[in-house]
Amino acid sequence: MLGSQLRRLREASGISREDAGYAIRGSGSKISRLELGRVGFKERDVADLLTLYGVTDDTERESFLDLVRRSNEPGWWHRYNDLMPGWFQDYVGLEESASRIQTYEIQFVPGLLQTERYARAVATQGRPEFTEDELDRRVRLRMQRQKLFSQPKAPRVWAVIDESVLHRPIGGREVLREQIEFLLEATSLAAVTLQILPFELGRSGAEGAFTILRFAEPELPDIVYLEHLCGALYLDKPDEVEVYSKVSHRLAVDAQTPEQTRKTLKAALDQA
């Protein structure tokens, strides 16, 4: 996030990566790595770049320098580094900082709303090489992420789930029933809004699962997270984010209301 903001400031100032690199006793490639978040930040470097980019307001500068300090602090998820690829570590860190998480899922219950047994069943699908210890730690990681809801400033989570998810017995019927019961309980949480997209509406304009992360700080751009088999994409360009924002609004309109969703969950529970 810090790298993205520095890139925006540099481009708005019309300064090349090479000139920015020279200002911090580095190179254009170093600026590129900083802007992509691939290397750590030093307060002195960021302070020099802010001066170069014309950021003189003390409050704004301190906001950036505070981000530097926070970006260099290891999060709780670092103990699971051996389990997570780098691209997913980035996501967990962003998830921790978000004020609003909007997600659309077509295959599984979203990770933040999975039960322990459902999470284990998802983790084992197509991965017979995982040991029991590795599975246990992967499930603990997912359960740890759910502690977001108990934080003083818990993010609001808005999830749209394709109706087919409620009839896909991942882990067996008993696991599915437990999962649907958990979703029913989650609908009573103030921080959670859950909607079901009915079978007949298909994808409603969405080509696949996605998540939009929004942040309380006005200077931080929204992030669209798209996961694929070999990694993930993080989109933060306004025109790209706007496309997914429009789709998310369309999904909110087309999906069942939260009250209708509760009725659908109860019906699915009777059938499971």
# chains A, B, ... in the order shown; residues from 1 in each chain; ligands from 1
>>> residues_around(residues="stretch 7-20 of chain A", least_positions_apart="2", cutoff="6 Å", atoms="only C-alpha atoms", output="PyMOL selection string")
chain A and resi 4-5+22-23+27-28+31+35+53
>>> residues_around(residues="stretch 145-148 of chain A", least_positions_apart="5", cutoff="12 Å", atoms="only C-alpha atoms", output="PyMOL selection string")
chain A and resi 75-77+80+89+91-101+110-116+119+138-140+153-157+186+191-192
>>> write_last_selection(atoms="C-alpha atoms", output="mmCIF file, in the first residue's frame")
data_model
loop_
_atom_site.group_PDB
_atom_site.id
_atom_site.type_symbol
_atom_site.label_atom_id
_atom_site.label_comp_id
_atom_site.auth_asym_id
_atom_site.auth_seq_id
_atom_site.Cartn_x
_atom_site.Cartn_y
_atom_site.Cartn_z
ATOM 1 C CA GLY A 75 2.383 -9.589 11.742
ATOM 2 C CA TRP A 76 1.060 -12.634 13.613
ATOM 3 C CA TRP A 77 0.842 -14.510 10.279
ATOM 4 C CA TYR A 80 3.054 -19.388 9.080
ATOM 5 C CA GLN A 89 1.078 -13.174 2.979
ATOM 6 C CA TYR A 91 -3.257 -10.484 1.274
ATOM 7 C CA VAL A 92 -3.475 -11.432 4.961
ATOM 8 C CA GLY A 93 -1.650 -8.237 5.874
ATOM 9 C CA LEU A 94 -4.042 -6.134 3.778
ATOM 10 C CA GLU A 95 -7.041 -7.984 5.229
ATOM 11 C CA GLU A 96 -5.856 -7.062 8.729
ATOM 12 C CA SER A 97 -5.793 -3.372 7.778
ATOM 13 C CA ALA A 98 -9.046 -3.160 5.820
ATOM 14 C CA SER A 99 -12.128 -1.378 7.114
ATOM 15 C CA ARG A 100 -14.450 -3.130 4.641
ATOM 16 C CA ILE A 101 -14.074 -6.486 2.895
ATOM 17 C CA PRO A 110 -15.378 -17.468 2.013
ATOM 18 C CA GLY A 111 -12.407 -18.218 4.254
ATOM 19 C CA LEU A 112 -13.451 -15.713 6.934
ATOM 20 C CA LEU A 113 -16.759 -17.582 7.343
ATOM 21 C CA GLN A 114 -15.559 -21.190 7.264
ATOM 22 C CA THR A 115 -15.862 -23.628 10.160
ATOM 23 C CA GLU A 116 -12.799 -25.543 11.279
ATOM 24 C CA ALA A 119 -11.664 -25.395 6.264
ATOM 25 C CA ARG A 138 -3.259 -24.394 7.777
ATOM 26 C CA VAL A 139 -6.582 -24.674 9.566
ATOM 27 C CA ARG A 140 -5.230 -22.734 12.574
ATOM 28 C CA LYS A 153 -12.451 -1.856 14.983
ATOM 29 C CA ALA A 154 -13.575 -4.993 13.183
ATOM 30 C CA PRO A 155 -13.905 -4.582 9.419
ATOM 31 C CA ARG A 156 -17.329 -4.877 7.884
ATOM 32 C CA VAL A 157 -17.569 -8.021 5.786
ATOM 33 C CA ALA A 186 -22.835 -15.195 11.250
ATOM 34 C CA ALA A 191 -20.059 -6.694 11.109
ATOM 35 C CA VAL A 192 -21.308 -9.305 8.602
#
>>> select_by_dssp(residues="stretch 40-235 of chain A", states="strand (DSSP E)", output="ChimeraX atom specification")
/A:100-105,156-162,192-197,210-214,223-228,231-235
>>> closest_atom_pairs(of="stretch 115-217 of chain A", to="stretch 231-251 of chain A", cutoff="10 Å", atoms="only C-alpha atoms", output="CSV")
residue,atom,partner,partner_atom,distance
A:Trp158,CA,A:Ser248,CA,9.9
A:Ala159,CA,A:Ser248,CA,9.8
A:Val160,CA,A:Leu251,CA,7.3
A:Ile161,CA,A:Leu251,CA,9.8
A:Gln195,CA,A:Leu251,CA,9.0
A:Ile196,CA,A:Leu251,CA,9.4
A:Leu197,CA,A:Leu251,CA,7.5
A:Leu201,CA,A:Leu251,CA,9.7
A:Arg203,CA,A:Leu251,CA,8.6
A:Ser204,CA,A:Leu251,CA,6.3
A:Gly205,CA,A:Val247,CA,6.3
A:Ala206,CA,A:Val247,CA,6.4
A:Glu207,CA,A:Val247,CA,9.7
A:Phe210,CA,A:Tyr244,CA,8.3
A:Thr211,CA,A:Tyr244,CA,8.9
A:Ile212,CA,A:Tyr244,CA,7.8
A:Leu213,CA,A:Asp236,CA,10.0
>>> atom_distance(atom1="atom CA of A:Glu132", atom2="atom CA of A:Ala272")
27.6 Å
>>> residues_around(residues="stretch 57-66 of chain A", least_positions_apart="4", cutoff="12 Å", atoms="only C-alpha atoms", output="PyMOL selection string")
chain A and resi 1-6+9+41-51+53+70-73+217-220
>>> closest_atom_pairs(of="stretch 87-206 of chain A", to="stretch 263-270 of chain A", cutoff="9 Å", atoms="only C-alpha atoms", output="Markdown table")
| residue | atom | partner | partner_atom | distance |
| --- | --- | --- | --- | --- |
| A:Glu163 | CA | A:Thr264 | CA | 8.7 |
| A:Leu166 | CA | A:Ala268 | CA | 6.5 |
| A:His167 | CA | A:Ala268 | CA | 7.3 |
| A:Leu176 | CA | A:Leu269 | CA | 8.5 |
| A:Arg177 | CA | A:Leu269 | CA | 5.9 |
| A:Glu178 | CA | A:Leu269 | CA | 8.8 |
| A:Ile180 | CA | A:Leu269 | CA | 6.3 |
| A:Glu181 | CA | A:Leu269 | CA | 7.3 |
| A:Leu183 | CA | A:Leu265 | CA | 7.8 |
| A:Leu184 | CA | A:Leu265 | CA | 6.7 |
| A:Ile196 | CA | A:Thr264 | CA | 7.8 |
>>> closest_residue(among="A:Gln271, A:Gln256, A:Asp90, A:Phe182", to="A:Arg38", atoms="only C-alpha atoms")
A:Asp90
>>> closest_residue(among="A:Leu141, A:Leu52, A:Val253, A:Val122", to="A:Gly21", atoms="only C-alpha atoms")
A:Leu52
